[in-house]
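Visitor: Mind having a look at this structure? Questions to follow.
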Amino acid sequence: MEPCQWLLHIVVFLHNAWIQPCFAQTPLPVHSSPTPTPQTAQGPETLKFRLSGFPRKHNEGRIEVFYKDEWGTICDDDFSLANAHVLCRQLGFVSATGWAHSAKYGKGTGKIWLDNVQCSGSERSVSVCKSRGWGNSDCTHDEDAGVICKDERLPGYMDSNVIEVRVDENKVEEVRLRPVFTMATKRMPVTEGVVEVKNKDGWAQICDNGWTPKNSRVVCGMMGFPHEKKVNKSFYKHLRKRSAEPKAKVKVTAARQGPKAKAITKTSSKPKPGKSAADKRLYAERQKNHFLVHSVACLGTEVHLAACPLEFNNGNATESCAGGMPAVVSCVPGPLYAQSSNMRKKLKMQSTIRLKGGAKHGEGRVEVLKGSEWGTVCDDRWNLLSASVVCRELGFGSAKEALTGARMGQGLGPLHMNEVQCTGHERSLWNCRYKNITAEDCKHTEDASVRCNVPYMGFEKTVRLSGGRSQYEGRVEVRVGQRWGSVCSEGWTTKEAMVACRQLGLGFSMHAITETWYWDSSNVTEMVMSGVKCTGDEMSLSQCQNHRTVSCQKATARFSAGVICSETASDLVLNAPLVQQTTYIEDRPLHMLYCAAEEDCLSKSAAKANWPYGHRRLLRFSSQIHNIGRADFRPKAGRHSWVWHACHGHYHSMDIFTHYDLMSANGTKVAEGHKASFCLEDTDCEEGVSKRYECANFGEQGITVGCWDLYRHDIDCQWIDITDVKPGNYILQVVINPNYEVAESDFTNNAMKCNCKYDGHRIWVHNCHIGDAFSEEAEKKFEKYPGQLNNQIS
């Protein structure tokens, strides 16, 4: 081939190689033709994606797309795994493992944005795939498509904190409080400072002419604070005057002290008493002001400053605040973020509302206290105004997201509120308009949730993971002093790992790792922390107990503490009414209890019995354990380490799965039992949920989201041996996952309690409830139960 022809081929090849990716990365406008065409020069339409519906895990669901300011679905006509690959990548996952048709995750509402989508699988966006065009569909919501994504995030992916409100982000992208004092920059959270907005590559101020407390309320809400307070304006005006004065002349001399000479600074004029300390603390007081926003007129209910009416400067931005100064805001932190114990006492929050099931502080399923019983809120008409009232009531800022469809897992018990409509000014959710729930109105699949704005604490800068195969796993390293180092794994449990994952912003701990030899050890640091003991609720490992000086028997890198984090976790709860309905006493002959004795399911006195003669008195009941979380419950140990029990002919995947206790009124155990996980499996599931785990043929063990495992009253070890118990009034307690072997989103609902009366022959059980289902006052009354005066249960 001639040289010129070679050159021509190379030019054509390079042209195609460059031009095709450029078009592939460009989202497309509305089109009626299934053949995509490039976007115009005006810029692409902003697209957002989310997974919705129920029941589902965090990496699966009905696919919904936000286009032209409206959420809509995608029809399943011509849908394929290639389509799912593209959509999963846009959701931040590495790929898809499957897809679902015929509205498997429930029917969506609103628009059906796309139909007959045909992707090859390599596209950057679904908008460049072939389709009928935006909004052109002959489908109904019975044909909504769903995707199942691989539970692995793309490198560098961070869960977006989307504020679901229309804002002009081209004008106000970001807002911050810039503290005036140097000391204030080191103290977290920053509660007072100059309001600044992101402008191109820098920051600009807002003129305070006409600035109102309502404006301050919106800014404080964005910063994660529930309330604003009055600013000492005269103080800041004084600083502004000072900044306009010429700087005092500074003379520096060095005292001759040999090699350790010190610099001595002298000013030409002696400062006035009490001013020198302030002079040293002033932070960037001479910064030149650049006023981007001339005036702001918020109502006080907005969740973002950009949602307020704004007047922007068009002329000379440095001189456009005549007679004014930069707007300054001072905020009141909530109880979790108060900087002194006195403030925490003053700001003690009310206990009529709470959040459950969230990975971080400030997010979760909304639960309210009515009478003495906790219940959930139905998501009909749930919006940011109502969500913000919840967030501020709990001591956080305004709401980032108002979530529907049990996005934070399903609750238990009653649904107390429906169609909540707040104005945004209410002090409590109970002050808003709402409807009472009827049986037909709502189910727990419609539980409302929130994500609140919380103060920035910088905790994520003091911890990191190293050596892991993804950003969600690795050895835990902290900043102690000026150096990074690893953490001793002695005493490292799920609770400590939960705090580490929360601090990293990576959700829940899936596993607490005590041996990390199998991870990359090329950059292992020395051990700088040991004896870490957390309650599990802390925001940072630094808030947990730890040794003053490092003391670790196994101080090698192999025994550094590690974690595997996950965005979601399981949540097990016991069916309390079923326990109450199925409890009875059985006198069982000893010759039928050999296997139970081998598995340590009888009280200690059984060892002294005259085997095989005689009997044991057993308190029997059924346990139905539901997984209401957002991830499957799986045993910590892999099947290679499960223990075979020949007597019963099955494997145990967990040594102790539940504790059964009979306690006196003062909390003393009078009898106890335990239940190994004979087999964790899906006995049955909610409508539309498929079983995934069964024990037959050495199958995988676990409990799927939306399913339950039933241990019937008539199987071995499903009892408490009460042979030695005297007649009286007692408390029956059942605790699931008592040693926290497997991570859950909520451990407070793992215990169930019942009142019992035993007369030596019969037993009456009543008031069975989950541990956190009642108010504190009701729980205290329960524990002081005086006993029944007769055999009738009221």
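Labels for the structure tokens follow display order: chains A, B, ..., residues from 1 in each chain, ligands from 1.
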With only C-alpha atoms as the counted atoms, please give the residues lying no more than 9 Å from Cys647 of chain A, apart from itself and same-chain residues fewer than 3 positions off, as JSON, numbers by chain.

Guide: {"A": [594, 595, 596, 598, 650]}

Visitor: Please save all heavy atoms of the selected residues as a PDB file, in the first residue's frame.

Guide:
```pdb
ATOM      1  N   TYR A 594     -31.974 -37.082  75.061  1.00  0.00           N
ATOM      2  CA  TYR A 594     -30.529 -37.311  74.961  1.00  0.00           C
ATOM      3  C   TYR A 594     -29.857 -36.313  74.006  1.00  0.00           C
ATOM      4  O   TYR A 594     -28.798 -35.763  74.296  1.00  0.00           O
ATOM      5  CB  TYR A 594     -30.242 -38.750  74.522  1.00  0.00           C
ATOM      6  CG  TYR A 594     -30.315 -39.736  75.651  1.00  0.00           C
ATOM      7  CD1 TYR A 594     -31.423 -40.576  75.802  1.00  0.00           C
ATOM      8  CD2 TYR A 594     -29.276 -39.812  76.571  1.00  0.00           C
ATOM      9  CE1 TYR A 594     -31.497 -41.483  76.844  1.00  0.00           C
ATOM     10  CE2 TYR A 594     -29.339 -40.732  77.626  1.00  0.00           C
ATOM     11  CZ  TYR A 594     -30.452 -41.558  77.765  1.00  0.00           C
ATOM     12  OH  TYR A 594     -30.510 -42.451  78.807  1.00  0.00           O
ATOM     13  N   CYS A 595     -30.468 -36.095  72.856  1.00  0.00           N
ATOM     14  CA  CYS A 595     -29.888 -35.157  71.892  1.00  0.00           C
ATOM     15  C   CYS A 595     -29.871 -33.732  72.451  1.00  0.00           C
ATOM     16  O   CYS A 595     -28.901 -32.991  72.282  1.00  0.00           O
ATOM     17  CB  CYS A 595     -30.673 -35.177  70.579  1.00  0.00           C
ATOM     18  SG  CYS A 595     -30.266 -36.573  69.507  1.00  0.00           S
ATOM     19  N   ALA A 596     -30.964 -33.370  73.138  1.00  0.00           N
ATOM     20  CA  ALA A 596     -31.035 -32.025  73.712  1.00  0.00           C
ATOM     21  C   ALA A 596     -29.970 -31.830  74.788  1.00  0.00           C
ATOM     22  O   ALA A 596     -29.357 -30.758  74.900  1.00  0.00           O
ATOM     23  CB  ALA A 596     -32.422 -31.788  74.296  1.00  0.00           C
ATOM     24  N   GLU A 598     -27.100 -33.360  74.874  1.00  0.00           N
ATOM     25  CA  GLU A 598     -25.814 -33.269  74.178  1.00  0.00           C
ATOM     26  C   GLU A 598     -25.559 -31.854  73.677  1.00  0.00           C
ATOM     27  O   GLU A 598     -24.423 -31.380  73.654  1.00  0.00           O
ATOM     28  CB  GLU A 598     -25.808 -34.252  73.004  1.00  0.00           C
ATOM     29  CG  GLU A 598     -24.515 -34.259  72.202  1.00  0.00           C
ATOM     30  CD  GLU A 598     -24.611 -35.165  70.996  1.00  0.00           C
ATOM     31  OE1 GLU A 598     -24.944 -36.348  71.171  1.00  0.00           O
ATOM     32  OE2 GLU A 598     -24.362 -34.676  69.883  1.00  0.00           O
ATOM     33  N   HIS A 650     -27.950 -32.510  61.434  1.00  0.00           N
ATOM     34  CA  HIS A 650     -27.908 -31.264  60.667  1.00  0.00           C
ATOM     35  C   HIS A 650     -26.687 -30.435  61.079  1.00  0.00           C
ATOM     36  O   HIS A 650     -26.006 -30.739  62.057  1.00  0.00           O
ATOM     37  CB  HIS A 650     -29.195 -30.452  60.860  1.00  0.00           C
ATOM     38  CG  HIS A 650     -29.499 -30.145  62.290  1.00  0.00           C
ATOM     39  ND1 HIS A 650     -30.714 -30.414  62.858  1.00  0.00           N
ATOM     40  CD2 HIS A 650     -28.746 -29.602  63.289  1.00  0.00           C
ATOM     41  CE1 HIS A 650     -30.686 -30.049  64.135  1.00  0.00           C
ATOM     42  NE2 HIS A 650     -29.519 -29.563  64.410  1.00  0.00           N
TER      43      HIS A 650
END
```

Visitor: Can you tell me which residues surround Asn232 of chain A at a distance of at most 12 Å, considering only C-alpha atoms, apart from same-chain residues fewer than 6 positions away, and format the answer as a PyMOL selection string?

Guide: chain A and resi 192-193+238-239+327-330

Visitor: From the set A:Thr568, A:Asn627, A:Thr668, A:Asn418, which residue has the shortest atom-to-atom contact distance to Val368 of chain A, counting only C-alpha atoms?

Guide: A:Asn418

Visitor: Atom CA of Cys331 of chain A to atom CA of Val499 of chain A: how many Å, to one decimal?

Guide: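 Distance between the two atoms: 27.0 Å.
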
Visitor: Write out as number ranges by chain each polymer residue whose atoms come within 8 Å of Gln205 of chain A, counting only C-alpha atoms; drop sequence neighbours fewer than 5 positions from it.

Guide: A: 194-197, 289-293, 326-327

Visitor: I need the chosen residues saved as a PDB file, in the first residue's frame, with C-alpha atoms.

Guide:
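Result went into result27.pdb, see below:
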```
ATOM      1  CA  VAL A 194     -19.894  34.769  57.318  1.00  0.00           C
ATOM      2  CA  VAL A 195     -22.317  33.226  54.802  1.00  0.00           C
ATOM      3  CA  GLU A 196     -20.510  32.490  51.557  1.00  0.00           C
ATOM      4  CA  VAL A 197     -21.688  30.987  48.282  1.00  0.00           C
ATOM      5  CA  ASN A 289     -15.415  41.200  50.112  1.00  0.00           C
ATOM      6  CA  HIS A 290     -17.012  40.108  46.851  1.00  0.00           C
ATOM      7  CA  PHE A 291     -20.781  40.422  46.986  1.00  0.00           C
ATOM      8  CA  LEU A 292     -22.508  38.027  44.596  1.00  0.00           C
ATOM      9  CA  VAL A 293     -25.984  38.233  46.126  1.00  0.00           C
ATOM     10  CA  PRO A 326     -21.365  40.497  54.635  1.00  0.00           C
ATOM     11  CA  ALA A 327     -24.271  38.502  56.085  1.00  0.00           C
TER      12      ALA A 327
END
```

Visitor: Grab the atom CA of Gln581 of chain A to atom CA of Trp764 of chain A distance for me, in Å with one decimal place.

Guide: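 Interatomic distance here is 10.2 Å.
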
Visitor: Here is a test: counting only C-alpha atoms, which residue of A:Phe235, A:Glu393, A:Leu154, A:Met325 is nearest to Asp208 of chain A?

Guide: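 Result for the nearest residue to Asp208 of chain A: A:Met325.
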
Visitor: Just the residues within 10 Å of segment 49-51 of chain A, please, counting only C-alpha atoms, with nothing from its chain fewer than 2 positions along; format it as a list in words.

Guide: Leu47, Gly53, Phe54, Arg56, Lys57, His58, Asn59, Glu60, Gly61, Arg62, Ile63, Glu64, Val65, Phe66, Tyr67, Trp71, Gly72, Thr73, Leu87, Cys88, Gln90, Leu91, Gly92, Tyr105, Gly146, Val147, Ile148 and Arg407 of chain A

Visitor: Given the selection you just returned, output its residues as a file containing C-alpha atoms, formatted as a short mmCIF file (atom, residue, chain, number, x, y, z; two decimals), in the first residue's frame.

Guide:
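To be explicit, this is the file written out as again_25.cif:
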```
data_model
loop_
_atom_site.label_atom_id
_atom_site.label_comp_id
_atom_site.auth_asym_id
_atom_site.auth_seq_id
_atom_site.Cartn_x
_atom_site.Cartn_y
_atom_site.Cartn_z
CA LEU A 47 -30.76 12.95 34.44
CA GLY A 53 -40.31 -0.34 45.19
CA PHE A 54 -40.61 -3.08 47.76
CA ARG A 56 -36.02 -5.09 47.72
CA LYS A 57 -32.42 -4.72 48.81
CA HIS A 58 -30.37 -1.58 48.25
CA ASN A 59 -28.91 -2.87 44.97
CA GLU A 60 -32.19 -3.85 43.31
CA GLY A 61 -35.57 -2.36 42.57
CA ARG A 62 -37.80 -0.59 40.09
CA ILE A 63 -35.65 1.71 37.96
CA GLU A 64 -36.80 5.32 37.96
CA VAL A 65 -35.36 8.26 36.03
CA PHE A 66 -35.65 11.99 36.77
CA TYR A 67 -36.15 13.92 33.53
CA TRP A 71 -39.62 11.10 38.15
CA GLY A 72 -40.81 8.32 35.88
CA THR A 73 -40.26 4.65 35.04
CA LEU A 87 -28.45 1.60 34.27
CA CYS A 88 -26.57 -0.06 37.14
CA GLN A 90 -25.39 5.09 36.22
CA LEU A 91 -26.58 4.14 39.70
CA GLY A 92 -22.95 3.73 40.81
CA TYR A 105 -41.05 -4.30 42.65
CA GLY A 146 -36.49 -3.39 37.48
CA VAL A 147 -32.76 -4.11 37.77
CA ILE A 148 -30.59 -6.19 40.10
CA ARG A 407 -36.60 2.90 51.85
#
```

Visitor: Taking only C-alpha atoms into account, name the residue in A:Glu373, A:Glu681, A:Asp655, A:Asp724 that is nearest to Leu618 of chain A.

Guide: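 Between A:Glu373, A:Glu681, A:Asp655, A:Asp724, the residue approaching Leu618 of chain A most closely is A:Asp724.
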
Visitor: Which of these, A:Tyr518, A:Phe459, A:Trp719, A:Phe225, has the shortest distance to Asp661 of chain A once you count only C-alpha atoms?

Guide: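 For Asp661 of chain A, the nearest of the given residues is A:Trp719.
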
Visitor: Excluding Arg639 of chain A and its own-chain neighbours fewer than 6 positions away, which residues fall within 12 Å of it when counting only C-alpha atoms? Please give them as a list in words.

Guide: Tyr651, His652, Ser653, Met654, Cys679, Cys695, Phe698, Gly699, Glu700, Gln701 and Gly702 of chain A

Visitor: Mind giving me the straight-line distance from atom CA of Ala399 of chain A to atom CA of Gly221 of chain A in Å, one decimal?

Guide: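 According to the coordinates, atom CA of Ala399 of chain A and atom CA of Gly221 of chain A are separated by 8.0 Å.
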
Visitor: Considering only C-alpha atoms, state which residue in the set A:Ser745, A:Ser386, A:Ser551, A:Gln580 is at the smallest distance from Thr423 of chain A.

Guide: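 Answer, going by the shortest atom-to-atom distance: A:Ser386.
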
Visitor: Calculated over only C-alpha atoms, which of the candidates A:Ile763, A:Ala307, A:Val454, A:Ala448 has the smallest distance to Gly362 of chain A?

Guide: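 Among the listed residues, the smallest separation from Gly362 of chain A belongs to A:Val454.
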
Visitor: Find the residues around Val389 of chain A up to 10 Å (only C-alpha atoms counted), leave out those fewer than 2 positions away in its own chain, and share them as a compact mmCIF listing (two decimals) with N, CA and C atoms, in the first residue's frame.

Guide:
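File produced: out38.txt:
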```
# COMPACT_ATOMS: atom_id res chain seq x y z
N PRO A 226 -30.77 22.96 63.92
CA PRO A 226 -32.23 23.11 63.97
C PRO A 226 -32.70 24.55 64.11
N THR A 301 -38.93 28.24 55.42
CA THR A 301 -39.27 26.82 55.29
C THR A 301 -38.47 26.13 54.19
N LEU A 384 -40.74 17.23 51.60
CA LEU A 384 -39.61 17.83 52.30
C LEU A 384 -40.02 18.74 53.45
N LEU A 385 -41.17 19.39 53.34
CA LEU A 385 -41.63 20.25 54.44
C LEU A 385 -41.86 19.43 55.70
N SER A 386 -42.58 18.32 55.56
CA SER A 386 -42.85 17.45 56.71
C SER A 386 -41.57 16.81 57.21
N ALA A 387 -40.71 16.37 56.27
CA ALA A 387 -39.45 15.74 56.65
C ALA A 387 -38.56 16.72 57.41
N CYS A 391 -36.72 16.46 61.09
CA CYS A 391 -35.28 16.64 61.27
C CYS A 391 -34.98 17.70 62.33
N ARG A 392 -35.64 18.83 62.26
CA ARG A 392 -35.38 19.90 63.23
C ARG A 392 -35.83 19.50 64.63
N GLU A 393 -36.95 18.78 64.71
CA GLU A 393 -37.44 18.33 66.01
C GLU A 393 -36.42 17.41 66.69
N LEU A 394 -35.67 16.66 65.90
CA LEU A 394 -34.68 15.73 66.43
C LEU A 394 -33.32 16.38 66.65
N PHE A 396 -31.51 18.09 64.21
CA PHE A 396 -30.70 18.19 63.00
C PHE A 396 -31.15 19.42 62.21
N GLY A 397 -30.66 19.55 60.99
CA GLY A 397 -31.05 20.68 60.15
C GLY A 397 -32.29 20.37 59.35
N SER A 398 -32.42 21.02 58.19
CA SER A 398 -33.55 20.72 57.31
C SER A 398 -33.33 19.38 56.62
N ALA A 399 -34.33 18.92 55.89
CA ALA A 399 -34.25 17.61 55.26
C ALA A 399 -33.54 17.69 53.91
N CYS A 422 -47.37 19.41 56.62
CA CYS A 422 -46.77 20.45 57.45
C CYS A 422 -46.55 21.72 56.63
N THR A 423 -46.55 22.85 57.31
CA THR A 423 -46.21 24.12 56.65
C THR A 423 -44.70 24.34 56.67
N GLY A 424 -44.02 23.68 57.60
CA GLY A 424 -42.57 23.85 57.73
C GLY A 424 -42.18 24.66 58.96
N HIS A 425 -43.15 25.32 59.58
CA HIS A 425 -42.87 26.14 60.77
C HIS A 425 -43.17 25.40 62.07
N GLU A 426 -43.79 24.22 62.01
CA GLU A 426 -44.20 23.51 63.22
C GLU A 426 -43.00 23.06 64.05
N ARG A 427 -43.20 23.04 65.35
CA ARG A 427 -42.16 22.58 66.28
C ARG A 427 -42.12 21.06 66.37
N SER A 428 -43.25 20.42 66.07
CA SER A 428 -43.34 18.97 66.18
C SER A 428 -44.21 18.44 65.05
N LEU A 429 -43.94 17.20 64.64
CA LEU A 429 -44.74 16.57 63.60
C LEU A 429 -46.19 16.44 64.05
N TRP A 430 -46.40 16.30 65.35
CA TRP A 430 -47.77 16.17 65.87
C TRP A 430 -48.56 17.47 65.70
N ASN A 431 -47.88 18.59 65.48
CA ASN A 431 -48.58 19.86 65.25
C ASN A 431 -49.04 20.03 63.81
N CYS A 432 -48.63 19.12 62.93
CA CYS A 432 -49.02 19.18 61.52
C CYS A 432 -50.39 18.54 61.32
```

Visitor: Determine which residues of segment 536-746 of chain A receive a DSSP assignment of helix (DSSP H, G or I), computed from the backbone, and state them as a list in words.

Guide: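 Written out, the helix (DSSP H, G or I) residues of segment 536-746 of chain A are Leu541, Ser542, Gln543, Ala557, Arg558, Phe559, Ala576, Pro577, Leu578, Val579, Gln580, Gln581, Thr582, Leu590, His591, Met592, Tyr594, Cys595, Ala596, Ala597, Glu598, Lys604, Ser605, Ala606, Ala607, Lys608, Arg639, His640 and Ser641 of chain A.
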